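Reproduced below: final_30.pdb, with PDB, C-alpha atoms.
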```pdb
ATOM      1  CA  MET A1473    -114.100  98.577 116.045
ATOM      2  CA  ILE A1474    -112.073  95.599 117.285
ATOM      3  CA  VAL A1475    -115.119  93.340 116.706
ATOM      4  CA  GLU A1476    -114.561  93.805 112.956
ATOM      5  CA  GLU A1477    -110.788  93.871 113.181
ATOM      6  CA  PHE A1478    -109.839  90.233 112.729
ATOM      7  CA  HIS A1479    -112.217  88.927 110.064
ATOM      8  CA  GLY A1480    -110.075  87.099 107.513
ATOM      9  CA  ALA A1481    -106.930  87.178 109.659
ATOM     10  CA  VAL A1482    -104.948  84.032 110.442
ATOM     11  CA  ALA A1483    -103.482  83.924 113.955
ATOM     12  CA  VAL A1484    -101.092  81.568 115.724
ATOM     13  CA  VAL A1485    -101.352  81.436 119.516
ATOM     14  CA  THR A1486     -99.027  79.351 121.684
ATOM     15  CA  GLY A1487     -99.775  78.326 125.253
ATOM     16  CA  ALA A1488    -103.361  78.069 124.060
ATOM     17  CA  GLY A1489    -104.426  75.346 126.464
ATOM     18  CA  SER A1490    -104.823  77.567 129.514
ATOM     19  CA  GLY A1491    -104.685  81.046 130.981
ATOM     20  CA  ILE A1492    -103.878  84.022 128.787
ATOM     21  CA  GLY A1493    -103.240  81.967 125.659
ATOM     22  CA  HIS A1494    -106.619  80.246 125.945
ATOM     23  CA  GLY A1495    -108.315  83.603 126.429
ATOM     24  CA  VAL A1496    -106.606  85.090 123.380
ATOM     25  CA  VAL A1497    -107.642  82.155 121.179
ATOM     26  CA  THR A1498    -111.307  82.374 122.093
ATOM     27  CA  ALA A1499    -111.353  86.176 121.782
ATOM     28  CA  LEU A1500    -109.731  86.164 118.345
ATOM     29  CA  ALA A1501    -111.989  83.388 117.062
ATOM     30  CA  ALA A1502    -115.047  85.238 118.358
ATOM     31  CA  ARG A1503    -113.917  88.266 116.363
ATOM     32  CA  GLY A1504    -113.630  86.405 113.082
ATOM     33  CA  ALA A1505    -110.011  85.232 112.979
ATOM     34  CA  GLN A1506    -108.936  81.761 111.970
ATOM     35  CA  VAL A1507    -106.747  80.627 114.850
ATOM     36  CA  VAL A1508    -104.092  77.935 115.073
ATOM     37  CA  ALA A1509    -104.059  77.096 118.785
ATOM     38  CA  ALA A1510    -100.900  75.308 119.941
ATOM     39  CA  ASP A1511    -100.010  73.733 123.265
ATOM     40  CA  LEU A1512     -97.907  70.847 124.527
ATOM     41  CA  ASP A1513    -100.919  69.512 126.464
ATOM     42  CA  PRO A1514    -103.906  69.090 124.150
ATOM     43  CA  ALA A1515    -106.378  68.601 127.006
ATOM     44  CA  GLY A1516    -107.161  72.288 127.466
ATOM     45  CA  LEU A1517    -107.087  73.397 123.832
ATOM     46  CA  PRO A1518    -110.330  75.185 122.925
ATOM     47  CA  GLU A1519    -112.645  73.559 120.399
ATOM     48  CA  ALA A1520    -114.826  75.974 118.456
ATOM     49  CA  PRO A1521    -115.483  77.102 114.879
ATOM     50  CA  GLY A1522    -112.484  78.925 113.459
ATOM     51  CA  ILE A1523    -109.980  77.195 115.751
ATOM     52  CA  ARG A1524    -107.492  74.578 114.553
ATOM     53  CA  THR A1525    -105.620  72.836 117.371
ATOM     54  CA  VAL A1526    -102.040  71.557 117.185
ATOM     55  CA  THR A1527    -100.214  69.641 119.895
ATOM     56  CA  ALA A1528     -96.701  71.073 119.853
ATOM     57  CA  ASP A1529     -93.634  71.776 121.966
ATOM     58  CA  VAL A1530     -92.437  75.328 121.297
ATOM     59  CA  THR A1531     -88.859  74.332 122.149
ATOM     60  CA  SER A1532     -88.808  71.978 119.128
ATOM     61  CA  PRO A1533     -88.037  73.633 115.771
ATOM     62  CA  GLY A1534     -89.831  70.780 114.018
ATOM     63  CA  ASP A1535     -92.977  71.235 116.086
ATOM     64  CA  VAL A1536     -92.902  74.984 115.507
ATOM     65  CA  ARG A1537     -92.685  74.395 111.759
ATOM     66  CA  ARG A1538     -95.751  72.132 111.999
ATOM     67  CA  VAL A1539     -97.679  74.876 113.769
ATOM     68  CA  PHE A1540     -96.896  77.380 111.040
ATOM     69  CA  ALA A1541     -97.577  74.825 108.320
ATOM     70  CA  ALA A1542    -101.101  74.675 109.729
ATOM     71  CA  ALA A1543    -101.273  78.468 109.473
ATOM     72  CA  ASP A1544     -99.916  78.330 105.912
ATOM     73  CA  SER A1545    -102.749  75.972 104.962
ATOM     74  CA  LEU A1546    -105.148  78.745 105.990
ATOM     75  CA  GLY A1547    -103.292  81.404 104.002
ATOM     76  CA  GLY A1548    -100.339  82.215 106.257
ATOM     77  CA  ALA A1549     -99.980  83.808 109.698
ATOM     78  CA  ASP A1550    -100.971  87.454 110.004
ATOM     79  CA  LEU A1551    -100.747  87.430 113.796
ATOM     80  CA  LEU A1552     -98.638  85.631 116.379
ATOM     81  CA  VAL A1553     -99.207  85.670 120.126
ATOM     82  CA  ASN A1554     -96.416  83.970 122.076
ATOM     83  CA  ALA A1555     -98.136  83.000 125.327
ATOM     84  CA  ALA A1556     -96.459  79.675 126.138
ATOM     85  CA  GLY A1557     -94.631  79.809 129.437
ATOM     86  CA  ILE A1558     -93.599  77.873 132.508
ATOM     87  CA  ALA A1559     -92.168  78.806 135.904
ATOM     88  CA  VAL A1560     -90.145  77.100 138.616
ATOM     89  CA  THR A1561     -90.538  78.580 142.094
ATOM     90  CA  ARG A1562     -87.422  77.668 144.019
ATOM     91  CA  PRO A1563     -84.629  79.622 145.755
ATOM     92  CA  LEU A1564     -81.546  80.431 143.696
ATOM     93  CA  LEU A1565     -79.342  77.974 145.560
ATOM     94  CA  GLU A1566     -81.855  75.204 144.935
ATOM     95  CA  HIS A1567     -82.411  75.953 141.243
ATOM     96  CA  THR A1568     -81.025  73.101 139.189
ATOM     97  CA  ASP A1569     -79.384  73.247 135.788
ATOM     98  CA  ASP A1570     -82.436  71.485 134.389
ATOM     99  CA  ASP A1571     -84.760  74.100 135.953
ATOM    100  CA  TRP A1572     -82.834  76.893 134.283
ATOM    101  CA  ASP A1573     -82.569  75.169 130.906
ATOM    102  CA  ARG A1574     -86.248  74.211 130.744
ATOM    103  CA  VAL A1575     -87.629  77.610 131.762
ATOM    104  CA  LEU A1576     -85.354  79.480 129.359
ATOM    105  CA  ALA A1577     -86.127  76.978 126.608
ATOM    106  CA  VAL A1578     -89.900  77.360 126.833
ATOM    107  CA  ASN A1579     -90.186  81.038 127.664
ATOM    108  CA  LEU A1580     -87.363  82.553 125.635
ATOM    109  CA  LYS A1581     -86.211  80.058 123.018
ATOM    110  CA  GLY A1582     -89.816  79.098 122.287
ATOM    111  CA  SER A1583     -90.747  82.726 121.700
ATOM    112  CA  PHE A1584     -87.705  83.137 119.437
ATOM    113  CA  LEU A1585     -88.461  80.026 117.370
ATOM    114  CA  CYS A1586     -92.070  81.047 116.811
ATOM    115  CA  LEU A1587     -91.115  84.638 116.050
ATOM    116  CA  ARG A1588     -88.517  83.513 113.517
ATOM    117  CA  GLU A1589     -90.982  81.212 111.784
ATOM    118  CA  ALA A1590     -93.683  83.871 111.683
ATOM    119  CA  ALA A1591     -91.216  86.398 110.287
ATOM    120  CA  ARG A1592     -90.581  84.227 107.232
ATOM    121  CA  THR A1593     -94.183  84.675 106.109
ATOM    122  CA  MET A1594     -94.735  88.170 107.441
ATOM    123  CA  THR A1595     -91.655  89.782 105.926
ATOM    124  CA  ALA A1596     -92.398  88.193 102.545
ATOM    125  CA  ARG A1597     -95.865  89.760 102.607
ATOM    126  CA  ARG A1598     -94.664  92.954 104.318
ATOM    127  CA  ARG A1599     -97.318  92.818 107.015
ATOM    128  CA  GLY A1600     -97.928  91.144 110.336
ATOM    129  CA  SER A1601     -98.145  91.673 114.073
ATOM    130  CA  VAL A1602     -96.448  89.736 116.869
ATOM    131  CA  VAL A1603     -97.288  90.075 120.564
ATOM    132  CA  ASN A1604     -95.063  88.377 123.112
ATOM    133  CA  VAL A1605     -96.187  87.763 126.687
ATOM    134  CA  SER A1606     -93.510  89.083 129.031
ATOM    135  CA  SER A1607     -94.117  89.967 132.697
ATOM    136  CA  ILE A1608     -93.586  92.739 135.196
ATOM    137  CA  VAL A1609     -90.828  90.546 136.630
ATOM    138  CA  SER A1610     -88.813  91.640 133.619
ATOM    139  CA  ILE A1611     -88.788  95.036 135.399
ATOM    140  CA  ILE A1612     -88.943  94.198 139.103
ATOM    141  CA  ALA A1613     -87.922  91.075 140.989
ATOM    142  CA  SER A1614     -90.604  88.486 141.548
ATOM    143  CA  PRO A1615     -91.958  88.409 145.117
ATOM    144  CA  THR A1616     -91.328  84.654 145.073
ATOM    145  CA  PRO A1617     -87.928  83.116 144.231
ATOM    146  CA  GLU A1618     -88.104  82.180 140.534
ATOM    147  CA  ILE A1619     -84.907  83.545 139.086
ATOM    148  CA  ALA A1620     -85.018  81.590 135.820
ATOM    149  CA  TYR A1621     -88.524  82.866 135.118
ATOM    150  CA  ASP A1622     -87.544  86.459 135.844
ATOM    151  CA  ALA A1623     -84.498  86.192 133.588
ATOM    152  CA  SER A1624     -86.498  84.571 130.800
ATOM    153  CA  LYS A1625     -89.091  87.343 130.821
ATOM    154  CA  GLY A1626     -86.363  89.979 130.741
ATOM    155  CA  GLY A1627     -85.115  88.203 127.637
ATOM    156  CA  VAL A1628     -88.587  88.198 126.094
ATOM    157  CA  SER A1629     -88.849  91.969 126.528
ATOM    158  CA  GLN A1630     -85.489  92.549 124.861
ATOM    159  CA  LEU A1631     -86.283  90.007 122.130
ATOM    160  CA  THR A1632     -89.343  92.134 121.429
ATOM    161  CA  ARG A1633     -87.377  95.356 121.065
ATOM    162  CA  SER A1634     -84.612  93.858 118.938
ATOM    163  CA  ALA A1635     -87.033  92.096 116.604
ATOM    164  CA  ALA A1636     -89.139  95.239 116.257
ATOM    165  CA  ALA A1637     -86.125  97.246 115.135
ATOM    166  CA  GLU A1638     -85.126  94.623 112.584
ATOM    167  CA  LEU A1639     -88.561  93.729 111.229
ATOM    168  CA  GLY A1640     -90.144  97.189 111.214
ATOM    169  CA  PRO A1641     -88.692  98.112 107.801
ATOM    170  CA  HIS A1642     -90.362  94.950 106.465
ATOM    171  CA  GLY A1643     -93.804  96.007 107.655
ATOM    172  CA  VAL A1644     -93.906  93.723 110.696
ATOM    173  CA  ARG A1645     -94.736  95.031 114.175
ATOM    174  CA  VAL A1646     -93.468  93.303 117.335
ATOM    175  CA  ASN A1647     -94.761  94.285 120.770
ATOM    176  CA  ALA A1648     -95.212  92.691 124.180
ATOM    177  CA  VAL A1649     -97.489  92.854 127.178
ATOM    178  CA  ALA A1650     -96.029  92.604 130.668
ATOM    179  CA  PRO A1651     -98.817  91.356 132.937
ATOM    180  CA  GLY A1652     -98.915  91.854 136.664
ATOM    181  CA  PRO A1653    -100.401  89.323 139.092
ATOM    182  CA  VAL A1654    -103.113  87.332 137.323
ATOM    183  CA  PRO A1655    -104.443  84.108 138.866
ATOM    184  CA  THR A1656    -104.361  81.287 136.296
ATOM    185  CA  ALA A1657    -104.493  77.521 136.473
ATOM    186  CA  LEU A1658    -100.759  77.420 135.767
ATOM    187  CA  TYR A1659     -99.558  79.852 138.417
ATOM    188  CA  GLY A1660    -102.349  79.746 140.970
ATOM    189  CA  PRO A1661    -103.596  82.706 143.028
ATOM    190  CA  PRO A1662    -100.926  85.215 144.083
ATOM    191  CA  ALA A1663    -100.525  85.873 147.794
ATOM    192  CA  GLY A1664    -102.891  88.363 149.398
ATOM    193  CA  ALA A1665     -99.984  90.683 150.136
ATOM    194  CA  VAL A1666     -99.477  91.079 146.395
ATOM    195  CA  ALA A1667    -103.010  92.393 145.927
ATOM    196  CA  ARG A1668    -102.496  94.949 148.698
ATOM    197  CA  ASN A1669     -99.598  96.404 146.702
ATOM    198  CA  ILE A1670    -101.722  97.092 143.616
ATOM    199  CA  PRO A1671    -102.927 100.718 143.467
ATOM    200  CA  LEU A1672    -106.106  99.782 141.572
ATOM    201  CA  GLY A1673    -106.974  97.485 144.452
ATOM    202  CA  ARG A1674    -107.397  94.078 142.855
ATOM    203  CA  LEU A1675    -105.632  91.264 141.100
ATOM    204  CA  GLY A1676    -105.851  91.142 137.335
ATOM    205  CA  THR A1677    -107.947  88.761 135.269
ATOM    206  CA  VAL A1678    -107.193  86.964 132.043
ATOM    207  CA  GLU A1679    -109.601  89.347 130.332
ATOM    208  CA  ASP A1680    -107.557  92.323 131.602
ATOM    209  CA  ILE A1681    -104.573  90.975 129.643
ATOM    210  CA  VAL A1682    -106.410  89.717 126.563
ATOM    211  CA  ALA A1683    -107.850  93.139 125.690
ATOM    212  CA  PRO A1684    -104.440  94.883 125.415
ATOM    213  CA  ILE A1685    -103.110  91.947 123.386
ATOM    214  CA  LEU A1686    -105.993  92.332 120.926
ATOM    215  CA  PHE A1687    -105.272  96.051 120.722
ATOM    216  CA  LEU A1688    -101.602  95.472 119.910
ATOM    217  CA  CYS A1689    -102.582  92.899 117.273
ATOM    218  CA  SER A1690    -105.042  95.258 115.652
ATOM    219  CA  THR A1691    -104.647  98.010 113.086
ATOM    220  CA  ALA A1692    -105.585 100.444 115.857
ATOM    221  CA  ALA A1693    -101.958  99.933 116.963
ATOM    222  CA  ALA A1694    -100.563 100.326 113.446
ATOM    223  CA  TRP A1695     -97.911 102.854 114.553
ATOM    224  CA  ILE A1696     -96.801 100.997 117.671
ATOM    225  CA  THR A1697     -93.841  98.641 117.622
ATOM    226  CA  GLY A1698     -91.088  97.666 120.036
ATOM    227  CA  HIS A1699     -93.290  98.558 122.996
ATOM    228  CA  VAL A1700     -93.598  96.509 126.191
ATOM    229  CA  LEU A1701     -96.996  97.433 127.595
ATOM    230  CA  VAL A1702     -97.223  96.992 131.357
ATOM    231  CA  VAL A1703    -100.703  95.809 132.394
ATOM    232  CA  ASP A1704    -100.565  95.442 136.156
ATOM    233  CA  GLY A1705    -103.032  97.715 137.952
ATOM    234  CA  GLY A1706    -100.083  99.916 138.932
ATOM    235  CA  ARG A1707     -98.113  97.166 140.726
ATOM    236  CA  VAL A1708     -94.698  98.348 139.494
ATOM    237  CA  LEU A1709     -95.386 101.749 141.076
ATOM    238  CA  ARG A1710     -94.957 100.186 144.525
TER     239      ARG A1710
END
```
Structure rendered as structure tokens:
Amino acid sequence: MIVEEFHGAVAVVTGAGSGIGHGVVTALAARGAQVVAADLDPAGLPEAPGIRTVTADVTSPGDVRRVFAAADSLGGADLLVNAAGIAVTRPLLEHTDDDWDRVLAVNLKGSFLCLREAARTMTARRRGSVVNVSSIVSIIASPTPEIAYDASKGGVSQLTRSAAAELGPHGVRVNAVAPGPVPTALYGPPAGAVARNIPLGRLGTVEDIVAPILFLCSTAAAWITGHVLVVDGGRVLR
């Protein structure tokens, strides 16, 4: 069913140059969507039919407007996946002001700016779906010291709930996924001890996270909003 789901849809995906964002772009395009793929680093942006790439900084309101202008030229965004994110691994007492500001700017402010821009089109048309990428560290503390990242992802989860309550009456759904440990080029492989704490016995893959994102984007999730879906192999159970 999902193979047919996105024909004719216009999607915006941030953080599209690597990891989960890259996986979402290619999966949506393969299923018939027209995708605006945005990333600050253009080197990893996927090139394929149905994909329009935009080099953009999600912390810049002007850049975010350019991303959605590209979507408007295709008919306007039906879907938004906020996957842009960064992390700083450093003990609390060594975290700098700049570390905190940058992580919160990309992970939380960037999600807000893109959500706000998408909402302009979606509320006017009374339809649309937004999926934010949060993390299980919005629920439990990270096993490595990255306090700004943890705080930013807690903010993303609450941003999701608040926006869902406000935008639901306008026909717009807002959900999030909260991935567990997934090796990506950005974050590298988690420590072996992390894998031993996962009841399903393995680390996640990008594909493990992309599939739930596609579900939340799809009409199969038409009566789901304000939900933060934990996808972690059971990690938060331990």
*Neighbourhood query: residues within 12 Å of (-94.9, 89.9, 101.7), file coordinates, counting only C-alpha atoms; return as a PyMOL selection string.*
chain A and resi 1548-1550+1590-1600+1641-1644
Let's have the selection written as a JSON list (two decimals), in the frame of the given file, with C-alpha atoms.
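Okay, again_9.json is ready:
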```
[["chain", "number", "residue", "atom", "x", "y", "z"],
["A", 1548, "GLY", "CA", -100.34, 82.22, 106.26],
["A", 1549, "ALA", "CA", -99.98, 83.81, 109.70],
["A", 1550, "ASP", "CA", -100.97, 87.45, 110.00],
["A", 1590, "ALA", "CA", -93.68, 83.87, 111.68],
["A", 1591, "ALA", "CA", -91.22, 86.40, 110.29],
["A", 1592, "ARG", "CA", -90.58, 84.23, 107.23],
["A", 1593, "THR", "CA", -94.18, 84.68, 106.11],
["A", 1594, "MET", "CA", -94.74, 88.17, 107.44],
["A", 1595, "THR", "CA", -91.66, 89.78, 105.93],
["A", 1596, "ALA", "CA", -92.40, 88.19, 102.54],
["A", 1597, "ARG", "CA", -95.86, 89.76, 102.61],
["A", 1598, "ARG", "CA", -94.66, 92.95, 104.32],
["A", 1599, "ARG", "CA", -97.32, 92.82, 107.02],
["A", 1600, "GLY", "CA", -97.93, 91.14, 110.34],
["A", 1641, "PRO", "CA", -88.69, 98.11, 107.80],
["A", 1642, "HIS", "CA", -90.36, 94.95, 106.46],
["A", 1643, "GLY", "CA", -93.80, 96.01, 107.66],
["A", 1644, "VAL", "CA", -93.91, 93.72, 110.70]]
```
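The result of the PyMOL selection byres ((chain A and resi 1705) around 7) on the shown file is Ile1670, Pro1671, Leu1672, Val1703, Asp1704, Gly1706 and Arg1707 of chain A.
Nearest residue to A:Gly1491 among A:Arg1503, A:His1699, A:Glu1618, A:Thr1656 is A:Thr1656, counting all atoms listed in the file.
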Edge lengths and centre in Å, axis-aligned, stretch 1478-1482 of chain A plus 6 Å each side, as AutoDock Vina command-line options:
```
--center_x -108.6 --center_y 87.1 --center_z 110.1 --size_x 19.3 --size_y 18.2 --size_z 17.2
```
*Rank nothing, just name the residue among A:Thr1697, A:Thr1568, A:Thr1561, A:Ser1490 nearest to A:Ala1636, using only C-alpha atoms.*
A:Thr1697
*Quick one: residues within 12 Å of (-102.7, 101.9, 116.5) (file frame), counting all atoms listed in the file, please, as a list in words.*
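Residues satisfying the cut-off, written out: Met1473, Ile1474, Glu1477, Ser1601, Arg1645, Asn1647, Pro1684, Leu1686, Phe1687, Leu1688, Cys1689, Ser1690, Thr1691, Ala1692, Ala1693, Ala1694, Trp1695, Ile1696, Thr1697 and His1699 of chain A.
Closest approach to A:Val1553 among A:Thr1486, A:Asn1579, A:Thr1531, A:Gln1506 is made by A:Thr1486 (distances from only C-alpha atoms).
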*Can you work out the spacing between atom CA of A:Ala1488 and atom CA of A:Gln1630 in Å, to one decimal?*
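Separation between atom CA of A:Ala1488 and atom CA of A:Gln1630: 23.0 Å.
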If you apply the PyMOL selection byres ((chain A and resi 1675) around 12) to this file, what residues do you get, as an mmCIF file with C-alpha atoms, in the frame of the given file?
```cif
data_model
loop_
_atom_site.group_PDB
_atom_site.id
_atom_site.type_symbol
_atom_site.label_atom_id
_atom_site.label_comp_id
_atom_site.auth_asym_id
_atom_site.auth_seq_id
_atom_site.Cartn_x
_atom_site.Cartn_y
_atom_site.Cartn_z
ATOM 1 C CA PRO A 1651 -98.817 91.356 132.937
ATOM 2 C CA GLY A 1652 -98.915 91.854 136.664
ATOM 3 C CA PRO A 1653 -100.401 89.323 139.092
ATOM 4 C CA VAL A 1654 -103.113 87.332 137.323
ATOM 5 C CA PRO A 1655 -104.443 84.108 138.866
ATOM 6 C CA THR A 1656 -104.361 81.287 136.296
ATOM 7 C CA GLY A 1660 -102.349 79.746 140.970
ATOM 8 C CA PRO A 1661 -103.596 82.706 143.028
ATOM 9 C CA PRO A 1662 -100.926 85.215 144.083
ATOM 10 C CA ALA A 1663 -100.525 85.873 147.794
ATOM 11 C CA GLY A 1664 -102.891 88.363 149.398
ATOM 12 C CA ALA A 1665 -99.984 90.683 150.136
ATOM 13 C CA VAL A 1666 -99.477 91.079 146.395
ATOM 14 C CA ALA A 1667 -103.010 92.393 145.927
ATOM 15 C CA ARG A 1668 -102.496 94.949 148.698
ATOM 16 C CA ASN A 1669 -99.598 96.404 146.702
ATOM 17 C CA ILE A 1670 -101.722 97.092 143.616
ATOM 18 C CA PRO A 1671 -102.927 100.718 143.467
ATOM 19 C CA LEU A 1672 -106.106 99.782 141.572
ATOM 20 C CA GLY A 1673 -106.974 97.485 144.452
ATOM 21 C CA ARG A 1674 -107.397 94.078 142.855
ATOM 22 C CA GLY A 1676 -105.851 91.142 137.335
ATOM 23 C CA THR A 1677 -107.947 88.761 135.269
ATOM 24 C CA VAL A 1678 -107.193 86.964 132.043
ATOM 25 C CA GLU A 1679 -109.601 89.347 130.332
ATOM 26 C CA ASP A 1680 -107.557 92.323 131.602
ATOM 27 C CA ILE A 1681 -104.573 90.975 129.643
ATOM 28 C CA VAL A 1703 -100.703 95.809 132.394
ATOM 29 C CA ASP A 1704 -100.565 95.442 136.156
ATOM 30 C CA GLY A 1705 -103.032 97.715 137.952
ATOM 31 C CA GLY A 1706 -100.083 99.916 138.932
ATOM 32 C CA ARG A 1707 -98.113 97.166 140.726
#
```
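Shell of A:Leu1517 at 7 Å, with all atoms listed in the file counted and residues fewer than 3 places along the chain excluded, is A:Ala1488, A:Gly1489, A:Ala1509, A:Pro1514, A:Thr1525.
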*Picked residues, the PyMOL selection byres ((chain A and resi 1632) around 12), as a PyMOL selection string*: chain A and resi 1553-1554+1580+1583-1584+1587-1588+1601-1606+1625-1631+1633-1640+1644-1650+1697-1701
For those residues, write C-alpha atoms to a file as a compact mmCIF listing (two decimals), keeping the file's coordinate frame.
```txt
# COMPACT_ATOMS: atom_id res chain seq x y z
CA VAL A 1553 -99.21 85.67 120.13
CA ASN A 1554 -96.42 83.97 122.08
CA LEU A 1580 -87.36 82.55 125.64
CA SER A 1583 -90.75 82.73 121.70
CA PHE A 1584 -87.70 83.14 119.44
CA LEU A 1587 -91.12 84.64 116.05
CA ARG A 1588 -88.52 83.51 113.52
CA SER A 1601 -98.14 91.67 114.07
CA VAL A 1602 -96.45 89.74 116.87
CA VAL A 1603 -97.29 90.08 120.56
CA ASN A 1604 -95.06 88.38 123.11
CA VAL A 1605 -96.19 87.76 126.69
CA SER A 1606 -93.51 89.08 129.03
CA LYS A 1625 -89.09 87.34 130.82
CA GLY A 1626 -86.36 89.98 130.74
CA GLY A 1627 -85.12 88.20 127.64
CA VAL A 1628 -88.59 88.20 126.09
CA SER A 1629 -88.85 91.97 126.53
CA GLN A 1630 -85.49 92.55 124.86
CA LEU A 1631 -86.28 90.01 122.13
CA ARG A 1633 -87.38 95.36 121.06
CA SER A 1634 -84.61 93.86 118.94
CA ALA A 1635 -87.03 92.10 116.60
CA ALA A 1636 -89.14 95.24 116.26
CA ALA A 1637 -86.12 97.25 115.14
CA GLU A 1638 -85.13 94.62 112.58
CA LEU A 1639 -88.56 93.73 111.23
CA GLY A 1640 -90.14 97.19 111.21
CA VAL A 1644 -93.91 93.72 110.70
CA ARG A 1645 -94.74 95.03 114.18
CA VAL A 1646 -93.47 93.30 117.34
CA ASN A 1647 -94.76 94.28 120.77
CA ALA A 1648 -95.21 92.69 124.18
CA VAL A 1649 -97.49 92.85 127.18
CA ALA A 1650 -96.03 92.60 130.67
CA THR A 1697 -93.84 98.64 117.62
CA GLY A 1698 -91.09 97.67 120.04
CA HIS A 1699 -93.29 98.56 123.00
CA VAL A 1700 -93.60 96.51 126.19
CA LEU A 1701 -97.00 97.43 127.60
```
*Between atom CA of A:Leu1551 and atom CA of A:Val1682, what is the spacing in Å?*
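Between atom CA of A:Val1682 and atom CA of A:Leu1551 the gap is 14.2 Å.
For the pair atom CA of A:Cys1586 and atom CA of A:Val1482, the interatomic distance is 14.7 Å.
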_Residue among A:Leu1585, A:Val1539, A:Ile1608, A:Ala1520 lying closest to A:Val1508, counting only C-alpha atoms_ =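 Selected residue with least distance to A:Val1508: A:Val1539.
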_Nearest residue to A:Thr1498 out of A:Leu1512, A:Pro1518, A:Gly1480, A:Phe1540, using all atoms listed in the file?_
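Under the stated criterion, the closest residue is A:Pro1518.
Proximity of A:Ala1515, A:Val1497, A:Ala1620, A:Leu1546 to A:His1567, computed with all atoms listed in the file, is greatest for A:Ala1620.
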*So which residues touch A:Asp1622 within 6 Å, counting only C-alpha atoms, skipping near sequence neighbours fewer than 3 positions away, as an NGL selection string?*
:A and (1609-1610 or 1619 or 1625)
